[in-house]
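Asks: Quick one: the structure is below, questions incoming.
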Amino acid sequence: QISYSTAISACRRNRQGKQAALLIKQMQVDGLIVGEDDLTNALSACAAQRIVSEGQLLWISLKANSSHPPSLRAYTAAIGLRAAAADAQGAIQLLDEMAVVGHQPDRVAFNAALRACGRAGACDDAFALLARLRSEQLEPDAYSIGGVITACSKVGRWKESLELLNEMEAASLLPGVAAYGAALDACGKAGKCTEGIALLHTMHDRGICPDIGCCNVILHSCHKAQRWSDVYELLFVMRKWGVTNSSTLRPHHRGMWKQAKRALGLPFN
């Protein structure tokens, strides 16, 4: 029993959901009692690895096998599983259910629900959850606001994305590459090339080097809009920042470079 529990706990730490679910099944085959901690750890592992079907079976077992409602930690893991499934409504329903059974959702639970909203692109739900978190006298952290930015990025709500970045900085919550990347994605979807380029420079000025994904979002937006000067300059800046070099420059980058030079009437070396 102890060795199984130790192994399942290790699966949670290592995000090995499928292995954790198999260990739970083996415990049942061996006639061992599967405790709430074991089920919760396995559920957390499934959420981390996005093994949704096995995780849902574990959640059903947690609710059926206990004489009392699942713990706060179990509910948070279940919300994380809904996030893995990009199921915003399911996550919010679980958050509501927590309050009904007597649990006070903490910031970790809210962040899991916000992550679900982010992956689902449920922007309005994400803003409502952020307001609800604050109404519970909980201060949002970088993960909280990052979830809302991700939701905004899915639907191209670039103004809100940039406002949220400013809000993070005002609260001394330094945005990371993921938050900047989501805001850049929103700018790219909305065709806001000027704002996207400015944000790339802001990232770099603050010591966060944009990666190839961040740059490509705005580069492709500029290319689509035939903003050849911006395409040319951004490709140059990407090389200057070390995002690309002569060996990593991709064929479509070379094609954009030549197209921009031709459109701008620049000589080919």
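Chains: A, B, ... in order of the structure tokens. Residues: from 1 per chain. Ligands: from 1, in order shown.
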Please list as a list in words every residue within 8 Å of A:Glu139, counting only C-alpha atoms and excluding residues in the same chain fewer than 5 positions away.

Replies: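 Residues meeting the cut-off are Arg107, Leu133 and Arg134 of chain A.
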
Asks: Atoms to include: C-alpha atoms. Write the selected residues as a PDB file, in the first residue's frame.

Replies:
```
ATOM      1  CA  ARG A 107      -6.265  31.311  -5.713  1.00  0.00           C
ATOM      2  CA  LEU A 133     -11.366  36.280  -7.375  1.00  0.00           C
ATOM      3  CA  ARG A 134     -10.899  39.869  -6.261  1.00  0.00           C
TER       4      ARG A 134
END
```

Asks: In Å to one decimal, how far is atom CA of A:Pro175 from atom CA of A:His253?

Replies: 27.7 Å

Asks: Skip stretch 80-93 of chain A itself and residues of its chain fewer than 6 positions away, then list as a VMD selection string all residues within 8 Å of it, counting only C-alpha atoms.

Replies: chain A and resid 43 to 44 46 to 48 50 to 52 55 to 56 112 to 120 122 125

Asks: Let's have the selection written as a tab-separated table (two decimals), in the first residue's frame, with N, CA and C atoms.

Replies:
```tsv
chain	number	residue	atom	x	y	z
A	43	LEU	N	-5.28	12.00	-10.11
A	43	LEU	CA	-6.06	12.98	-10.86
A	43	LEU	C	-5.21	14.18	-11.24
A	44	SER	N	-4.39	14.66	-10.31
A	44	SER	CA	-3.49	15.78	-10.59
A	44	SER	C	-2.51	15.44	-11.70
A	46	CYS	N	-2.99	13.24	-14.10
A	46	CYS	CA	-3.73	13.20	-15.36
A	46	CYS	C	-3.99	14.61	-15.90
A	47	ALA	N	-4.33	15.53	-15.00
A	47	ALA	CA	-4.56	16.91	-15.42
A	47	ALA	C	-3.29	17.51	-16.00
A	48	ALA	N	-2.14	17.25	-15.36
A	48	ALA	CA	-0.87	17.82	-15.82
A	48	ALA	C	-0.48	17.25	-17.17
A	50	ARG	N	-2.66	16.02	-19.33
A	50	ARG	CA	-3.84	16.17	-20.19
A	50	ARG	C	-4.40	14.81	-20.61
A	51	ILE	N	-4.43	13.88	-19.66
A	51	ILE	CA	-5.06	12.58	-19.89
A	51	ILE	C	-6.48	12.68	-19.36
A	52	VAL	N	-7.37	13.19	-20.17
A	52	VAL	CA	-8.68	13.61	-19.68
A	52	VAL	C	-9.59	12.44	-19.37
A	55	GLY	N	-8.58	10.67	-16.23
A	55	GLY	CA	-8.77	11.60	-15.13
A	55	GLY	C	-10.23	11.73	-14.73
A	56	GLN	N	-11.12	11.74	-15.71
A	56	GLN	CA	-12.55	11.85	-15.41
A	56	GLN	C	-13.04	10.63	-14.63
A	112	ALA	N	-6.72	27.64	-11.87
A	112	ALA	CA	-7.01	26.48	-12.71
A	112	ALA	C	-8.22	26.76	-13.60
A	113	ALA	N	-9.24	27.40	-13.03
A	113	ALA	CA	-10.43	27.75	-13.81
A	113	ALA	C	-10.09	28.80	-14.87
A	114	LEU	N	-9.24	29.75	-14.52
A	114	LEU	CA	-8.81	30.77	-15.48
A	114	LEU	C	-7.99	30.14	-16.60
A	115	ARG	N	-7.22	29.13	-16.27
A	115	ARG	CA	-6.46	28.41	-17.30
A	115	ARG	C	-7.42	27.73	-18.28
A	116	ALA	N	-8.51	27.18	-17.75
A	116	ALA	CA	-9.52	26.57	-18.61
A	116	ALA	C	-10.13	27.61	-19.54
A	117	CYS	N	-10.43	28.78	-18.99
A	117	CYS	CA	-10.98	29.86	-19.82
A	117	CYS	C	-9.98	30.28	-20.89
A	118	GLY	N	-8.72	30.33	-20.51
A	118	GLY	CA	-7.69	30.71	-21.48
A	118	GLY	C	-7.62	29.75	-22.64
A	119	ARG	N	-7.60	28.47	-22.33
A	119	ARG	CA	-7.49	27.46	-23.39
A	119	ARG	C	-8.75	27.40	-24.25
A	120	ALA	N	-9.89	27.74	-23.66
A	120	ALA	CA	-11.15	27.71	-24.40
A	120	ALA	C	-11.43	29.01	-25.14
A	122	ALA	N	-12.54	31.61	-23.66
A	122	ALA	CA	-13.75	32.14	-23.01
A	122	ALA	C	-13.40	33.45	-22.32
A	125	ASP	N	-15.91	35.01	-19.66
A	125	ASP	CA	-15.88	34.20	-18.44
A	125	ASP	C	-14.61	34.44	-17.64
```

Asks: Using DSSP assignments from the backbone, pull out every residue in stretch 86-195 of chain A that falls under alpha helix (DSSP H) and give it to me as a ChimeraX atom specification.

Replies: /A:88-100,107-120,123-135,142-154,158-170,177-190,193-195

Asks: Could you list, as a VMD selection string, every residue within 6 Å of A:Arg15, counting only C-alpha atoms and ignoring same-chain residues fewer than 4 positions away?

Replies: chain A and resid 11 45 48 to 49

Asks: Between atom CA of A:His201 and atom CA of A:Cys187, what is the distance, to one decimal in Å?

Replies: 14.0 Å

Asks: Could you name the residues that touch A:Ser221 at 9 Å or less, counting only C-alpha atoms, but leaving out those on the same chain fewer than 5 positions away, as a list of chain:residue names?

Replies: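 Those residues are A:Cys187, A:Gly188, A:Lys189, A:Ala190, A:Gly191, A:Lys192, A:Cys193, A:Asn216, A:Gln226, A:Arg227.
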
Asks: I'd like to know which of A:Ile218, A:Ala10, A:Leu58, A:Ala74 is closest to A:Asp37, using only C-alpha atoms.

Replies: A:Ala74

Asks: At what distance in Å, to one decimal, does atom CA of A:Tyr180 lie from atom CA of A:Thr194?

Replies: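 Rounded to one decimal, the two atoms are 15.2 Å apart.
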
Asks: List the spatial neighbours of stretch 235-252 of chain A as a PDB file with N, CA and C atoms, in the first residue's frame - criterion: any atom at most 10 Å away, only C-alpha atoms, same-chain residues fewer than 3 positions off excluded.

Replies:
```
ATOM      1  N   HIS A 201       9.574  45.135 -28.915  1.00  0.00           N
ATOM      2  CA  HIS A 201      10.673  45.983 -28.436  1.00  0.00           C
ATOM      3  C   HIS A 201      10.580  46.192 -26.924  1.00  0.00           C
ATOM      4  N   HIS A 204      12.055  43.127 -25.288  1.00  0.00           N
ATOM      5  CA  HIS A 204      13.517  43.114 -25.370  1.00  0.00           C
ATOM      6  C   HIS A 204      14.131  44.144 -24.434  1.00  0.00           C
ATOM      7  N   CYS A 209      13.956  38.287 -23.976  1.00  0.00           N
ATOM      8  CA  CYS A 209      14.197  38.173 -25.409  1.00  0.00           C
ATOM      9  C   CYS A 209      13.030  37.440 -26.073  1.00  0.00           C
ATOM     10  N   PRO A 210      12.374  38.071 -27.037  1.00  0.00           N
ATOM     11  CA  PRO A 210      11.284  37.376 -27.736  1.00  0.00           C
ATOM     12  C   PRO A 210      11.810  36.122 -28.428  1.00  0.00           C
ATOM     13  N   ASP A 211      11.036  35.032 -28.351  1.00  0.00           N
ATOM     14  CA  ASP A 211      11.455  33.823 -29.045  1.00  0.00           C
ATOM     15  C   ASP A 211      10.913  33.841 -30.473  1.00  0.00           C
ATOM     16  N   ILE A 212      11.214  32.799 -31.217  1.00  0.00           N
ATOM     17  CA  ILE A 212      10.831  32.745 -32.618  1.00  0.00           C
ATOM     18  C   ILE A 212       9.317  32.786 -32.790  1.00  0.00           C
ATOM     19  N   GLY A 213       8.590  32.160 -31.846  1.00  0.00           N
ATOM     20  CA  GLY A 213       7.133  32.159 -31.936  1.00  0.00           C
ATOM     21  C   GLY A 213       6.547  33.550 -31.776  1.00  0.00           C
ATOM     22  N   CYS A 215       8.005  36.419 -32.388  1.00  0.00           N
ATOM     23  CA  CYS A 215       8.344  37.244 -33.549  1.00  0.00           C
ATOM     24  C   CYS A 215       7.538  36.836 -34.781  1.00  0.00           C
ATOM     25  N   ASN A 216       7.356  35.530 -34.956  1.00  0.00           N
ATOM     26  CA  ASN A 216       6.659  35.061 -36.150  1.00  0.00           C
ATOM     27  C   ASN A 216       5.210  35.542 -36.212  1.00  0.00           C
ATOM     28  N   LEU A 219       5.448  39.031 -37.461  1.00  0.00           N
ATOM     29  CA  LEU A 219       6.045  39.011 -38.804  1.00  0.00           C
ATOM     30  C   LEU A 219       5.006  38.584 -39.844  1.00  0.00           C
ATOM     31  N   ASP A 230       8.142  47.058 -42.502  1.00  0.00           N
ATOM     32  CA  ASP A 230       8.112  46.401 -41.189  1.00  0.00           C
ATOM     33  C   ASP A 230       8.638  44.976 -41.282  1.00  0.00           C
ATOM     34  N   VAL A 231       8.288  44.276 -42.367  1.00  0.00           N
ATOM     35  CA  VAL A 231       8.798  42.911 -42.566  1.00  0.00           C
ATOM     36  C   VAL A 231      10.321  42.932 -42.638  1.00  0.00           C
ATOM     37  N   TYR A 232      10.859  43.829 -43.435  1.00  0.00           N
ATOM     38  CA  TYR A 232      12.306  43.923 -43.619  1.00  0.00           C
ATOM     39  C   TYR A 232      13.008  44.249 -42.296  1.00  0.00           C
ATOM     40  N   GLY A 255      12.278  33.854 -47.926  1.00  0.00           N
ATOM     41  CA  GLY A 255      11.334  34.287 -48.947  1.00  0.00           C
ATOM     42  C   GLY A 255      10.738  35.650 -48.626  1.00  0.00           C
ATOM     43  N   MET A 256      10.398  35.877 -47.363  1.00  0.00           N
ATOM     44  CA  MET A 256       9.863  37.179 -46.948  1.00  0.00           C
ATOM     45  C   MET A 256      10.905  38.277 -47.132  1.00  0.00           C
ATOM     46  N   TRP A 257      12.146  37.947 -46.779  1.00  0.00           N
ATOM     47  CA  TRP A 257      13.249  38.908 -46.898  1.00  0.00           C
ATOM     48  C   TRP A 257      13.393  39.373 -48.357  1.00  0.00           C
ATOM     49  N   LYS A 258      13.397  38.410 -49.270  1.00  0.00           N
ATOM     50  CA  LYS A 258      13.545  38.742 -50.694  1.00  0.00           C
ATOM     51  C   LYS A 258      12.330  39.510 -51.200  1.00  0.00           C
ATOM     52  N   ALA A 260      10.322  41.431 -49.455  1.00  0.00           N
ATOM     53  CA  ALA A 260      10.343  42.781 -48.892  1.00  0.00           C
ATOM     54  C   ALA A 260      11.361  43.660 -49.621  1.00  0.00           C
TER      55      ALA A 260
END
```

Asks: Taking into account only C-alpha atoms, which residue in the set A:Gly176, A:Pro70, A:Gly35, A:Gly121 is nearest to A:Gly207?

Replies: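 Closest to A:Gly207, using only C-alpha atoms: A:Gly176.
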